[in-house]
Amino acid sequence: MPRSKKGKRGSNKPGSLRQEVLQLSVKASLSLKGIKNGVKGDSGASDDDLASDVLSHYSSASESTSMLDDGTGGEPVDEHTAQEETEDKLKQCLDNLMDKSAKTRLAALESLRQAFSSRVLYDFLIERRLTITDCLERSLKKGGGEEQAAAATVFTLLCVQLGGGDDAEEGFKMLRPILTTILIDSGASIAARQSCARALGMCCYISAAEDGEDLVKSMSLLESIFMSSYPKREGTLPTPKPGSPGLHSSALQAWALLVTICPASRLTVLLDLHLPKLQACLESTDVNYRITVGETIALLVELGRDIDEDFEVEDGESLCVCLKSLATDGNKHRAKNDRRKQRSIFREVLHYIENEDFTEEKIRFGMEGVYIDSWMRRRSYDAFKEILESGVRHHLQFNPLLRDIFGLGAPLILDAAAVRGSKISRFEKHLFNSAAFKARTKQRNKVRDKRADVM
């Protein structure tokens with residue numbers, strides 16, 4: 001069935017909020033022109049022509065604003081000096097990773113995390129990758145739970161920086177044994193185990209071949225973690241231990257990421273094994289784990305339909321009933337935000353299971369954008385967003401690895417003058433925001449007024 005295009009932006013239909021915004025912007029601009037000229041209507045063009053011109057300008061200006069990042073129009077910066085300062089700070093952080101003080105090492109790891117997630121530093125890191133890997137291995141082996149968690153996160157970011165070549169694969173093979181040891185250690189910190197699960201999933205996704213031994217081993221290891229949440233023989237779910245739902249969620253998300261690169265021959269076996277068990281886990285008492293399970297079910301169904309057009313979910317009617325219940329859950333004993341988040345996610349899952357309907361989303365960065373139009377792409381994007389946080393858009397713009405994964409091609413090279421020329425001025429932005437506020441208030445007042453006609 002054709003996919004829905006609900007994620008698209010609204011059109012300029014009469015009565016829409018966007019149209020009202022643009023109309024109010026036109027009025028503001030026209031009145032401003034009249035003030036500047038000293039009289040109204042002195043120009044050779046008619047009011048309608050002026051309105052048309054300004055409307056066109058504001059429409060294109062608003063699109064340009066949404067596609068450009070802030071901060072490109074400030075003072076010119078000496079890039080060479082800034083680069084040297086950054087590298088000096090990074091070198092100091094690397095030295096601090098070998099400090100005797102745990103507090104100093106933690107601070108260094110946090111600084112590296114922020115730097116790796118916000119910038120592309122391949123040239124600096126490629127020469128020091130073995131030194132950094134040795135330091136991270138030391139933190140993983142001898143550090144406390146907080147340091148282990150931070151070190152696993154930094155190592156994941158290091159693999160993202162190095163890309164999918166031999167360098168990332170070499171580092172992954174060096175640290176995989178210690179990551180595995182921490183993950184399966186029931187006495188280790190939950191935060192450290194979660195971070196190691198994410199590291200195993202992401203680093204294997206970046207460096208492993210589709211039929212590689214690393215892929216099979218990593219998936220089996222992650223399965224051993226989240227399968228402990230599966231129903232017992234009598235059909236009841238085990239009582240979760242403190243912190244275990246978060247660990248199960250991290251392991252399941254990392255496993256789902258690897259499923260997206262799994263060979264079709266192995267995928268069929270995984271679908272038969274895990275889909276029925278995951279359906280039972282929708283009854284979990286933890287809302288975040290339920291949501292992770294629901295998204296994973298949608299992903300597996302999508303993969304099943306890709307390899308077989310006639311793929312059907314076993315006991316699909318029961319699954320849809322359960323999903324519908326979760327999509328309309330109004331139990332007061334659950335937190336309001338949890339209910340809202342759960343209903344939103346499970347409505348999407350239900351629509352996809354019933355109608356193959358996926359709500360498309362566009363992620364904008366710089367002057368580009370990437371469409372999230374499937375559960376596979378959403379799992380990949382969410383995994384990178386979780387590790388890169390606010391830096392994900394920068395990496396989509398400049399990191400060759402992410403651009404290759406999402407099919408964006410080589411990074412665009414734009415001169416600063418072209419970027420600045422496509423931006424609207426602060427005053428124009430102020431006019432547009434003011435008009436948006438007025439239109440929004442007007443629309444809300446109509447809804448709030450009990451005497452308003454019901455259309």
# chains A, B, ... in the order shown; residues from 1 in each chain; ligands from 1
call {"tool": "residues_around", "arguments": {"residues": "A:Leu237", "least_positions_apart": "2", "cutoff": "12 Å", "atoms": "only C-alpha atoms", "output": "PyMOL selection string"}}
result
chain A and resi 227-235+239-240+277-286
call {"tool": "closest_residue", "arguments": {"among": "A:Ala151, A:Leu175, A:Ala191, A:Met376", "to": "A:His248", "atoms": "only C-alpha atoms"}}
result
A:Ala191
call {"tool": "closest_residue", "arguments": {"among": "A:Asp167, A:Glu213, A:Asp329, A:Glu356", "to": "A:Leu303", "atoms": "only C-alpha atoms"}}
result
A:Glu356
call {"tool": "select_by_dssp", "arguments": {"residues": "stretch 223-437 of chain A", "states": "alpha helix (DSSP H)", "output": "number ranges by chain"}}
result
A: 223-226, 244-259, 264-280, 287-307, 316-327, 336-355, 375-388, 392-398, 400-405, 416-421, 426-437
call {"tool": "residues_around", "arguments": {"residues": "A:Leu270", "least_positions_apart": "2", "cutoff": "12 Å", "atoms": "only C-alpha atoms", "output": "list of chain:residue names"}}
result
A:Val216, A:Met219, A:Ser220, A:Glu223, A:Trp255, A:Ala256, A:Leu258, A:Val259, A:Thr260, A:Cys262, A:Pro263, A:Ala264, A:Ser265, A:Arg266, A:Leu267, A:Thr268, A:Asp272, A:Leu273, A:His274, A:Leu275, A:Pro276, A:Lys277, A:Leu278, A:Ile297, A:Leu300, A:Val301, A:Leu303, A:Gly304
call {"tool": "atom_distance", "arguments": {"atom1": "atom CA of A:Ser195", "atom2": "atom CA of A:Glu348"}}
result
27.9 Å
call {"tool": "closest_residue", "arguments": {"among": "A:Thr104, A:Ser117, A:Ser390, A:Thr441", "to": "A:Gln92", "atoms": "only C-alpha atoms"}}
result
A:Thr104
call {"tool": "closest_residue", "arguments": {"among": "A:Ile353, A:Leu402, A:Glu389, A:Asp134", "to": "A:Val370", "atoms": "only C-alpha atoms"}}
result
A:Leu402
call {"tool": "atom_distance", "arguments": {"atom1": "atom CA of A:Leu90", "atom2": "atom CA of A:Gln161"}}
result
14.4 Å
call {"tool": "atom_distance", "arguments": {"atom1": "atom CA of A:Gly246", "atom2": "atom CA of A:Lys336"}}
result
19.8 Å
call {"tool": "closest_residue", "arguments": {"among": "A:Ala168, A:Ile387, A:Ser139, A:His351", "to": "A:Leu125", "atoms": "only C-alpha atoms"}}
result
A:Ala168
call {"tool": "residues_around", "arguments": {"residues": "A:Gln148", "least_positions_apart": "6", "cutoff": "9 Å", "atoms": "only C-alpha atoms", "output": "list in words"}}
result
Leu136, Ser139, Leu140, Lys141, Lys142, Ile182, Ser189, Ala191, Ala192, Arg193, Ser195 and Cys196 of chain A
